[in-house]
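S.K.: Input structure: structure.tsv, which contains TSV, C-alpha atoms.
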chain	number	residue	atom	x	y	z
A	22	MET	CA	88.14	80.23	74.36
A	23	THR	CA	91.82	80.77	75.23
A	24	SER	CA	92.73	77.58	73.37
A	25	ASN	CA	92.21	79.52	70.15
A	26	LEU	CA	94.55	82.33	71.17
A	27	PHE	CA	98.26	82.43	70.32
A	28	TRP	CA	100.93	84.75	71.71
A	29	HIS	CA	102.23	86.98	68.94
A	30	HIS	CA	105.98	87.59	69.12
A	31	GLN	CA	107.08	91.23	68.87
A	32	ASP	CA	110.35	92.09	67.17
A	33	VAL	CA	111.06	95.04	69.50
A	34	SER	CA	111.85	93.59	72.92
A	35	LYS	CA	111.47	95.03	76.40
A	36	LYS	CA	115.26	95.20	76.65
A	37	ALA	CA	115.44	97.20	73.42
A	38	ARG	CA	112.87	99.67	74.71
A	39	GLN	CA	114.78	100.02	77.99
A	40	LEU	CA	117.96	100.76	76.07
A	41	LEU	CA	116.14	103.38	74.02
A	42	ASN	CA	114.89	105.05	77.21
A	43	GLY	CA	118.25	104.75	78.95
A	44	HIS	CA	116.96	103.04	82.09
A	45	LYS	CA	115.28	99.92	83.44
A	46	SER	CA	111.51	99.58	83.60
A	47	PHE	CA	109.70	98.44	86.73
A	48	VAL	CA	106.71	99.05	89.01
A	49	ILE	CA	106.69	101.08	92.20
A	50	TRP	CA	103.54	99.87	93.96
A	51	PHE	CA	102.27	102.25	96.66
A	52	THR	CA	99.92	100.58	99.14
A	53	GLY	CA	98.36	102.03	102.27
A	54	LEU	CA	95.12	103.29	103.73
A	55	SER	CA	93.12	106.07	102.11
A	56	GLY	CA	94.59	109.44	103.02
A	57	SER	CA	98.00	108.05	103.93
A	58	GLY	CA	99.68	110.09	101.20
A	59	LYS	CA	100.15	107.56	98.39
A	60	SER	CA	99.05	109.83	95.55
A	61	THR	CA	100.82	112.90	96.92
A	62	ILE	CA	104.13	111.06	97.23
A	63	ALA	CA	103.75	109.33	93.87
A	64	ASN	CA	102.99	112.63	92.12
A	65	LYS	CA	106.05	114.30	93.61
A	66	LEU	CA	108.21	111.31	92.70
A	67	ASP	CA	106.76	111.23	89.18
A	68	ARG	CA	107.59	114.91	88.66
A	69	SER	CA	111.12	114.46	90.01
A	70	LEU	CA	111.84	111.45	87.80
A	71	TYR	CA	110.44	113.24	84.77
A	72	ARG	CA	112.80	116.15	85.40
A	73	ASN	CA	115.66	113.64	85.39
A	74	ALA	CA	114.62	112.27	81.96
A	75	ILE	CA	113.06	109.06	83.33
A	76	SER	CA	110.08	107.79	81.32
A	77	THR	CA	107.24	107.24	83.78
A	78	TYR	CA	103.50	106.80	84.02
A	79	LEU	CA	101.32	107.16	87.12
A	80	LEU	CA	98.38	104.79	87.59
A	81	ASP	CA	96.09	106.25	90.26
A	82	GLY	CA	93.39	104.17	91.95
A	83	ASP	CA	90.61	106.76	91.78
A	84	ASN	CA	91.43	107.67	88.19
A	85	LEU	CA	91.24	104.08	86.97
A	86	ARG	CA	87.96	103.52	88.83
A	87	MET	CA	86.53	106.39	86.78
A	88	GLY	CA	87.38	104.62	83.53
A	89	LEU	CA	88.84	101.14	83.06
A	90	ASN	CA	87.41	99.85	86.35
A	91	SER	CA	84.23	101.91	86.56
A	92	ASP	CA	82.14	98.72	86.51
A	93	LEU	CA	83.63	97.42	89.78
A	94	SER	CA	82.38	97.83	93.35
A	95	PHE	CA	84.41	97.74	96.57
A	96	LYS	CA	83.39	94.20	97.52
A	97	PRO	CA	86.34	91.81	98.02
A	98	GLU	CA	85.86	90.03	94.69
A	99	ASP	CA	85.72	93.32	92.80
A	100	ARG	CA	88.71	94.68	94.68
A	101	ALA	CA	90.62	91.60	93.51
A	102	GLU	CA	89.55	92.17	89.91
A	103	ASN	CA	90.47	95.85	90.19
A	104	ILE	CA	94.01	94.95	91.22
A	105	ARG	CA	94.27	92.16	88.63
A	106	ARG	CA	93.41	94.58	85.82
A	107	VAL	CA	95.83	97.18	87.13
A	108	GLY	CA	98.57	94.58	87.35
A	109	GLU	CA	98.08	93.60	83.72
A	110	VAL	CA	98.10	97.25	82.63
A	111	ALA	CA	101.28	97.84	84.63
A	112	ARG	CA	102.89	94.83	82.99
A	113	LEU	CA	102.22	96.34	79.55
A	114	PHE	CA	103.86	99.60	80.58
A	115	VAL	CA	106.90	97.78	81.97
A	116	ASP	CA	107.16	95.84	78.72
A	117	ALA	CA	107.15	99.21	76.94
A	118	GLY	CA	110.19	100.28	78.95
A	119	ILE	CA	108.31	102.62	81.30
A	120	VAL	CA	108.67	103.12	85.06
A	121	VAL	CA	105.19	102.67	86.54
A	122	LEU	CA	104.03	104.36	89.73
A	123	ALA	CA	100.85	102.64	90.95
A	124	THR	CA	98.86	104.05	93.87
A	125	PHE	CA	96.23	101.65	95.19
A	126	VAL	CA	94.95	100.89	98.68
A	127	SER	CA	95.17	97.22	97.60
A	128	PRO	CA	94.25	96.01	101.09
A	129	TYR	CA	94.77	92.27	100.59
A	130	ARG	CA	98.22	90.64	100.59
A	131	GLU	CA	97.05	87.94	98.19
A	132	ASP	CA	96.14	90.52	95.54
A	133	ARG	CA	99.43	92.38	95.95
A	134	GLU	CA	101.39	89.14	95.73
A	135	PHE	CA	99.49	88.23	92.57
A	136	VAL	CA	100.61	91.48	90.95
A	137	ARG	CA	104.18	90.86	92.11
A	138	SER	CA	104.05	87.44	90.44
A	139	LEU	CA	103.43	89.08	87.05
A	140	PHE	CA	106.92	90.59	87.06
A	141	ASN	CA	110.51	89.52	87.23
A	142	LYS	CA	112.05	89.64	90.71
A	143	ASP	CA	113.73	93.01	90.13
A	144	GLU	CA	110.72	94.66	88.48
A	145	PHE	CA	108.36	95.14	91.45
A	146	ILE	CA	108.99	97.46	94.39
A	147	GLU	CA	106.34	97.52	97.11
A	148	VAL	CA	106.16	100.78	99.06
A	149	TYR	CA	104.07	100.66	102.23
A	150	VAL	CA	102.82	104.16	103.00
A	151	LYS	CA	102.31	103.88	106.74
A	152	CYS	CA	100.01	106.16	108.72
A	153	ASN	CA	98.11	105.58	111.95
A	154	MET	CA	94.34	105.77	112.12
A	155	ASP	CA	94.20	108.80	114.42
A	156	THR	CA	96.19	110.82	111.89
A	157	LEU	CA	94.08	109.56	109.00
A	158	LYS	CA	90.84	110.52	110.74
A	159	ALA	CA	92.21	113.95	111.57
A	160	ARG	CA	93.63	114.48	108.08
A	161	ASP	CA	90.65	113.03	106.13
A	162	PRO	CA	91.23	115.18	102.98
A	163	LYS	CA	88.22	113.76	101.11
A	164	GLY	CA	85.90	113.45	104.11
A	165	LEU	CA	85.70	109.69	103.56
A	166	TYR	CA	86.50	108.60	107.12
A	167	LYS	CA	83.76	110.82	108.50
A	168	LYS	CA	81.28	109.30	106.04
A	169	ALA	CA	82.46	105.75	106.77
A	170	LEU	CA	82.20	106.26	110.53
A	171	ASN	CA	78.67	107.60	110.03
A	172	GLY	CA	77.76	104.49	108.04
A	173	GLU	CA	77.44	106.37	104.77
A	174	ILE	CA	80.12	104.29	102.98
A	175	GLU	CA	80.15	100.51	102.94
A	176	ASN	CA	83.26	98.35	102.56
A	177	PHE	CA	85.59	101.18	103.55
A	178	THR	CA	89.09	99.91	104.24
A	179	GLY	CA	90.28	100.53	107.78
A	180	ILE	CA	86.76	101.08	109.13
A	181	SER	CA	84.40	98.35	107.94
A	182	ASP	CA	86.87	96.37	105.81
A	183	PRO	CA	90.34	95.12	106.80
A	184	TYR	CA	93.74	96.28	105.60
A	185	GLU	CA	96.47	93.65	105.62
A	186	VAL	CA	99.80	95.35	106.31
A	187	PRO	CA	102.64	94.26	103.97
A	188	GLU	CA	104.87	91.71	105.66
A	189	ASP	CA	108.12	92.43	103.81
A	190	PRO	CA	107.85	95.51	101.57
A	191	GLU	CA	110.94	96.84	99.85
A	192	ILE	CA	110.31	100.31	101.30
A	193	ILE	CA	108.32	101.72	104.24
A	194	VAL	CA	107.61	105.44	104.41
A	195	ASP	CA	105.91	106.75	107.54
A	196	THR	CA	103.80	109.82	106.82
A	197	ASN	CA	103.07	110.28	110.53
A	198	MET	CA	106.70	111.32	110.90
A	199	MET	CA	107.88	112.33	107.43
A	200	SER	CA	106.87	114.94	104.87
A	201	ALA	CA	106.03	113.88	101.32
A	202	SER	CA	109.33	115.37	100.11
A	203	VAL	CA	111.34	113.32	102.61
A	204	CYS	CA	109.42	110.18	101.55
A	205	VAL	CA	110.25	110.89	97.91
A	206	LYS	CA	113.92	111.31	98.77
A	207	GLN	CA	113.92	107.96	100.60
A	208	ILE	CA	112.40	106.19	97.59
A	209	GLN	CA	114.78	107.87	95.15
A	210	ASN	CA	117.77	106.84	97.25
A	211	TYR	CA	116.55	103.25	97.14
A	212	LEU	CA	116.17	103.38	93.34
A	213	TYR	CA	119.63	104.83	92.73
A	214	ASN	CA	121.43	102.75	95.38
A	215	ASN	CA	119.93	99.48	94.10
A	216	GLY	CA	120.66	100.10	90.42
A	217	TYR	CA	117.11	100.71	89.25
A	218	LEU	CA	118.06	104.08	87.79
A	219	PRO	CA	121.34	105.35	86.30
A	220	LYS	CA	123.44	107.35	88.69
A	221	LYS	CA	122.96	111.08	88.30
A	222	SER	CA	125.99	112.89	86.92
A	223	SER	CA	127.71	115.16	89.43
If you took the structure in this file and wrote it as structure tokens, what would it be?

M.R.:
Amino acid sequence: MTSNLFWHHQDVSKKARQLLNGHKSFVIWFTGLSGSGKSTIANKLDRSLYRNAISTYLLDGDNLRMGLNSDLSFKPEDRAENIRRVGEVARLFVDAGIVVLATFVSPYREDREFVRSLFNKDEFIEVYVKCNMDTLKARDPKGLYKKALNGEIENFTGISDPYEVPEDPEIIVDTNMMSASVCVKQIQNYLYNNGYLPKKSS
């Protein structure tokens, strides 16, 4: 089937779109257990970048499972397909000159490394949102840990399914110790200090 497909060249390049937007485009990939604070931090960061005239889009795991990935379960093979689809969507946004914030448990290193492989070396930033299990169980904002511990949810990461901690993420934020605002500041500092975003005028 793919032998009859041909890549169609586009006259407007990624570089041209980045120049139009006034900044680089890349993916900030938030990974961590459910309830660790991925979406909260990403939303705060998204709002802050928007206020600084950075073109962004937030891809949230639950939101995409209600639409694009609504046909997928939480079995390992479907988790892999979920992340593959998200990676391809993120690549389109990066090609459009947009900064992508992606919040996905993405428990398997192999799947995260696959997404990383879709991008140039300086276009993928992995953020490990770290939080210990005792805090997650106590926090449990959606009541999912309680349900999983009672056997009401199958294939729940951290309880009945494994989570493979990132081995060498670009950024680690620890929500046991840090507020969401402090985590956002840490990520922003990384972006500005490493040339991902133009320096803010004083």

S.K.: Rank A:Pro219, A:Asp161, A:Leu212, A:Val121 by their smallest atom-to-atom distance to A:Leu40, using only C-alpha atoms, and report the top residue only.

M.R.: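 Selected residue with least distance to A:Leu40: A:Pro219.
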
S.K.: Just want the 10 Å neighbourhood of A:Ile49, counted on all atoms listed in the file, with same-chain residues fewer than 3 positions away dropped. Output as a list in words.

M.R.: Ser46, Thr52, Ala63, Leu79, Ala111, Val120, Val121, Leu122, Ala123, Thr124, Glu144, Phe145, Ile146, Glu147, Val148, Glu191, Ile192, Ile208 and Leu212 of chain A

S.K.: From the set A:Ser138, A:Gly53, A:Leu41, A:Val150, which residue has the shortest atom-to-atom contact distance to A:Val205, counting all atoms listed in the file?

M.R.: A:Val150

S.K.: Choose the residue, out of A:Ser202, A:Asn215, A:Ser127, A:Ser94, that has the smallest atom-to-atom separation from A:Glu175; count all atoms listed in the file.

M.R.: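 Using all atoms listed in the file, A:Glu175 sits closest to A:Ser94.
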
S.K.: Calculate how many Å separate atom CA of A:Ala101 from atom CA of A:Tyr166, rounding to one decimal.

M.R.: 22.2 Å

S.K.: Once you count only C-alpha atoms, which residues end up no further than 8 Å from (107.8, 103.7, 77.6) in the file's frame, shown as a list in words?

M.R.: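 Answer for this query, in the requested form: Arg38, Gln39, Asn42, Ser76, Thr77, Phe114, Val115, Asp116, Ala117, Gly118, Ile119 and Val120 of chain A.
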
S.K.: Tell me which of A:Ser24, A:Ser34, A:Ser55, A:Thr61 sits closest to A:Lys158, counting all atoms listed in the file.

M.R.: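 Looking at the shortest contact to A:Lys158, the residue is A:Ser55.
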